[in-house]
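> One structure, as structure tokens, below. Some questions next.
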Amino acid sequence: MPKQAAGGSHRAAPVHTDPEEVSVLTALSAVSDPVRITLIRELANSADWTRSCGSFDVPVGKAALSHHFSVLRGAGLVEQRDEGPKRVNRLRREEFDARFPGLLALLLADDVVGDAG
């Protein structure tokens with residue numbers, strides 16, 4: 001059983017969408033925002049479950065960051081779980097690639113407009 005922070009957590013567990021249930025328009029909408037592209041790229045360069053939501057250097061506040069992660073979960077791109085007081089993430093690369101072959105490769109390419117370097 002996972003350990004929780006003292007006092008427990010009052011937030012609901014994240015809801016995940018199976019990539020097989022995602023339409024192409026939902027997927028394209030999710031990856032159309034520069035902040036979300038940054039999140040995807042940073043997750044792609046990190047080991048699974050090593051990045052907490054607060055570890056990303058993006059120019060948005062906590063509420064907006066939470067919204068961006070919600071959009072990515074809704075598009076089947078990100079899976080999250082709570083580890084104590086932190087919510088950690090993994091990119092659902094294999095599942096998303098099976099649904100939309102080549103889309104992640106395009107997003108991760110160096111010539112895509114965004115702030116990855």
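All residue names refer to the structure tokens as shown: chains lettered A, B, ... in order, residues numbered from 1 in each chain, ligands numbered from 1 in order.
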Any idea what's packed within 10 Å of range 25-34 of chain A, counting only C-alpha atoms, ignoring anything in its chain fewer than 6 positions away? Could you give it as number ranges by chain?

A: 19, 40, 58, 68-77, 96, 99-100, 103-104, 107, 113-116

> Per DSSP on the backbone, what are the helix (DSSP H, G or I) residues of chain A, as a VMD selection string?

chain A and resid 19 to 21 24 to 30 34 to 44 53 to 55 62 to 74 93 to 99 103 to 108

> Would you please work out which residue, of A:Ser52, A:Ser23, A:Ala47, A:Val35, is nearest to Gly84 in chain A when using only C-alpha atoms?

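The answer is A:Ser52, which sits nearest to Gly84 in chain A.
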
> Report as a list in words all protein, DNA and RNA residues lying within 9 Å of Leu91 in chain A, evaluated on only C-alpha atoms, omitting residues in the same chain fewer than 2 positions from it.

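Neighbouring residues, sequence-local ones excluded: Ile40, Leu43, Ala44, Ser46, Asp48, Trp49, Leu77, Val78, Glu79, Gln80, Asn89, Arg93, Glu94 and Phe96 of chain A.
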
> Suppose we keep N, CA and C atoms; can you now write the selection as an mmCIF file, in the first residue's frame?


data_model
loop_
_atom_site.group_PDB
_atom_site.id
_atom_site.type_symbol
_atom_site.label_atom_id
_atom_site.label_comp_id
_atom_site.auth_asym_id
_atom_site.auth_seq_id
_atom_site.Cartn_x
_atom_site.Cartn_y
_atom_site.Cartn_z
ATOM 1 N N ILE A 40 5.555 17.783 -22.216
ATOM 2 C CA ILE A 40 5.748 16.516 -22.932
ATOM 3 C C ILE A 40 7.230 16.270 -23.182
ATOM 4 N N LEU A 43 9.084 15.421 -19.951
ATOM 5 C CA LEU A 43 8.752 14.064 -19.520
ATOM 6 C C LEU A 43 9.437 13.026 -20.407
ATOM 7 N N ALA A 44 9.537 13.321 -21.696
ATOM 8 C CA ALA A 44 10.177 12.388 -22.625
ATOM 9 C C ALA A 44 11.655 12.201 -22.290
ATOM 10 N N SER A 46 12.874 12.294 -19.198
ATOM 11 C CA SER A 46 12.975 11.912 -17.789
ATOM 12 C C SER A 46 12.512 10.467 -17.621
ATOM 13 N N ASP A 48 10.400 7.466 -16.022
ATOM 14 C CA ASP A 48 9.024 7.392 -15.532
ATOM 15 C C ASP A 48 8.974 7.621 -14.030
ATOM 16 N N TRP A 49 7.980 8.377 -13.610
ATOM 17 C CA TRP A 49 7.651 8.612 -12.197
ATOM 18 C C TRP A 49 8.718 9.388 -11.439
ATOM 19 N N LEU A 77 -2.009 11.261 -22.858
ATOM 20 C CA LEU A 77 -0.563 11.456 -22.981
ATOM 21 C C LEU A 77 0.205 11.272 -21.686
ATOM 22 N N VAL A 78 -0.447 11.542 -20.576
ATOM 23 C CA VAL A 78 0.238 11.534 -19.292
ATOM 24 C C VAL A 78 -0.530 10.678 -18.302
ATOM 25 N N GLU A 79 0.214 9.963 -17.487
ATOM 26 C CA GLU A 79 -0.359 9.232 -16.361
ATOM 27 C C GLU A 79 0.255 9.822 -15.097
ATOM 28 N N GLN A 80 -0.561 9.978 -14.063
ATOM 29 C CA GLN A 80 -0.089 10.547 -12.808
ATOM 30 C C GLN A 80 -0.478 9.650 -11.645
ATOM 31 N N ASN A 89 4.608 11.957 -12.468
ATOM 32 C CA ASN A 89 4.110 11.802 -13.827
ATOM 33 C C ASN A 89 4.950 10.839 -14.646
ATOM 34 N N ARG A 93 4.107 7.062 -23.558
ATOM 35 C CA ARG A 93 4.677 7.033 -24.911
ATOM 36 C C ARG A 93 4.187 5.836 -25.721
ATOM 37 N N GLU A 94 4.321 4.633 -25.203
ATOM 38 C CA GLU A 94 3.941 3.436 -25.965
ATOM 39 C C GLU A 94 2.451 3.432 -26.295
ATOM 40 N N PHE A 96 0.331 5.982 -26.402
ATOM 41 C CA PHE A 96 -0.033 7.071 -27.304
ATOM 42 C C PHE A 96 0.484 6.804 -28.715
#

> Distance CA of Ala64 in chain A-CA of Pro14 in chain A, one decimal place?

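So the answer is 15.9 Å.
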
> What lies within 8 Å of Asp82 in chain A using only C-alpha atoms, ignoring chain neighbours under 5 positions off, as an MDAnalysis selection string?

chainID A and resid 13 87:88

> CA of Glu95 in chain A to CA of Thr17 in chain A: how many Å, to one decimal?

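A separation of 10.9 Å between them.
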
> DSSP on the backbone: which residues in chain A end up as strand (DSSP E)? Give the answer as a ChimeraX atom specification.

/A:51-52,78-83,86-91

> Please save all heavy atoms of the selected residues as a compact mmCIF listing (two decimals), in the first residue's frame.


# COMPACT_ATOMS: atom_id res chain seq x y z
N ARG A 51 9.34 12.82 -12.12
CA ARG A 51 9.04 14.27 -12.16
C ARG A 51 7.73 14.58 -11.48
O ARG A 51 6.67 14.11 -11.88
CB ARG A 51 8.96 14.74 -13.62
CG ARG A 51 10.23 14.60 -14.43
CD ARG A 51 11.37 15.51 -13.96
NE ARG A 51 11.05 16.91 -13.99
CZ ARG A 51 11.26 17.72 -15.02
NH1 ARG A 51 11.82 17.25 -16.11
NH2 ARG A 51 10.93 18.99 -14.96
N SER A 52 7.81 15.38 -10.44
CA SER A 52 6.59 15.85 -9.78
C SER A 52 6.08 17.06 -10.56
O SER A 52 6.82 17.70 -11.31
CB SER A 52 6.87 16.25 -8.33
OG SER A 52 7.70 17.38 -8.28
N VAL A 78 -0.45 11.54 -20.58
CA VAL A 78 0.24 11.53 -19.29
C VAL A 78 -0.53 10.68 -18.30
O VAL A 78 -1.76 10.69 -18.29
CB VAL A 78 0.38 12.98 -18.75
CG1 VAL A 78 0.85 13.01 -17.31
CG2 VAL A 78 1.33 13.79 -19.62
N GLU A 79 0.21 9.96 -17.49
CA GLU A 79 -0.36 9.23 -16.36
C GLU A 79 0.25 9.82 -15.10
O GLU A 79 1.44 10.15 -15.08
CB GLU A 79 -0.02 7.75 -16.46
CG GLU A 79 -0.67 6.91 -15.40
CD GLU A 79 -0.39 5.43 -15.56
OE1 GLU A 79 0.43 5.05 -16.42
OE2 GLU A 79 -0.98 4.66 -14.80
N GLN A 80 -0.56 9.98 -14.06
CA GLN A 80 -0.09 10.55 -12.81
C GLN A 80 -0.48 9.65 -11.65
O GLN A 80 -1.48 8.93 -11.71
CB GLN A 80 -0.71 11.93 -12.57
CG GLN A 80 -0.34 12.94 -13.63
CD GLN A 80 -0.99 14.28 -13.37
OE1 GLN A 80 -2.20 14.37 -13.25
NE2 GLN A 80 -0.18 15.32 -13.28
N ARG A 81 0.33 9.73 -10.58
CA ARG A 81 -0.02 9.04 -9.34
C ARG A 81 0.52 9.86 -8.18
O ARG A 81 1.49 10.61 -8.34
CB ARG A 81 0.51 7.61 -9.32
CG ARG A 81 2.01 7.50 -9.22
CD ARG A 81 2.46 6.05 -9.20
NE ARG A 81 3.91 5.98 -9.03
CZ ARG A 81 4.63 4.96 -9.41
NH1 ARG A 81 4.06 3.93 -10.00
NH2 ARG A 81 5.93 4.94 -9.20
N ASP A 82 -0.11 9.71 -7.05
CA ASP A 82 0.32 10.43 -5.86
C ASP A 82 1.33 9.59 -5.11
O ASP A 82 1.14 8.39 -4.91
CB ASP A 82 -0.87 10.74 -4.96
CG ASP A 82 -1.81 11.78 -5.58
OD1 ASP A 82 -1.33 12.58 -6.40
OD2 ASP A 82 -2.99 11.78 -5.25
N GLU A 83 2.43 10.24 -4.72
CA GLU A 83 3.45 9.64 -3.87
C GLU A 83 3.63 10.59 -2.70
O GLU A 83 4.32 11.60 -2.82
CB GLU A 83 4.76 9.44 -4.63
CG GLU A 83 4.69 8.34 -5.67
CD GLU A 83 6.02 8.05 -6.33
OE1 GLU A 83 7.03 8.73 -6.04
OE2 GLU A 83 6.05 7.12 -7.15
N LYS A 86 3.37 14.55 -3.13
CA LYS A 86 3.66 14.93 -4.51
C LYS A 86 2.86 14.09 -5.49
O LYS A 86 2.55 12.93 -5.24
CB LYS A 86 5.15 14.75 -4.81
CG LYS A 86 6.03 15.68 -4.04
CD LYS A 86 7.47 15.49 -4.43
CE LYS A 86 8.35 16.48 -3.67
NZ LYS A 86 9.74 16.36 -4.05
N ARG A 87 2.55 14.69 -6.62
CA ARG A 87 1.95 13.97 -7.73
C ARG A 87 3.03 13.83 -8.79
O ARG A 87 3.59 14.82 -9.26
CB ARG A 87 0.74 14.75 -8.28
CG ARG A 87 0.04 14.03 -9.40
CD ARG A 87 -1.36 14.53 -9.59
NE ARG A 87 -2.21 13.96 -8.54
CZ ARG A 87 -3.49 14.28 -8.37
NH1 ARG A 87 -4.06 15.15 -9.16
NH2 ARG A 87 -4.19 13.72 -7.40
N VAL A 88 3.35 12.58 -9.13
CA VAL A 88 4.41 12.32 -10.10
C VAL A 88 3.81 11.85 -11.42
O VAL A 88 2.65 11.42 -11.48
CB VAL A 88 5.44 11.30 -9.55
CG1 VAL A 88 6.22 11.89 -8.39
CG2 VAL A 88 4.76 10.00 -9.14
N ASN A 89 4.61 11.96 -12.47
CA ASN A 89 4.11 11.80 -13.83
C ASN A 89 4.95 10.84 -14.65
O ASN A 89 6.14 10.67 -14.40
CB ASN A 89 4.17 13.17 -14.53
CG ASN A 89 3.42 14.22 -13.78
OD1 ASN A 89 2.22 14.36 -13.92
ND2 ASN A 89 4.13 14.98 -12.94
N ARG A 90 4.30 10.29 -15.67
CA ARG A 90 5.02 9.56 -16.70
C ARG A 90 4.33 9.83 -18.03
O ARG A 90 3.11 9.99 -18.10
CB ARG A 90 5.09 8.06 -16.41
CG ARG A 90 3.89 7.27 -16.85
CD ARG A 90 4.16 5.75 -16.81
NE ARG A 90 2.99 5.04 -17.28
CZ ARG A 90 2.82 4.60 -18.53
NH1 ARG A 90 3.74 4.78 -19.43
NH2 ARG A 90 1.72 3.98 -18.87
N LEU A 91 5.12 9.91 -19.07
CA LEU A 91 4.62 10.04 -20.43
C LEU A 91 4.17 8.67 -20.90
O LEU A 91 4.93 7.70 -20.81
CB LEU A 91 5.72 10.60 -21.34
CG LEU A 91 5.33 10.89 -22.78
CD1 LEU A 91 4.27 11.99 -22.85
CD2 LEU A 91 6.57 11.32 -23.57

> In Å, rounded to a single decimal, give me how far CA of Asp18 in chain A is from CA of Ala105 in chain A.

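Between CA of Ala105 in chain A and CA of Asp18 in chain A the gap works out to 19.5 Å.
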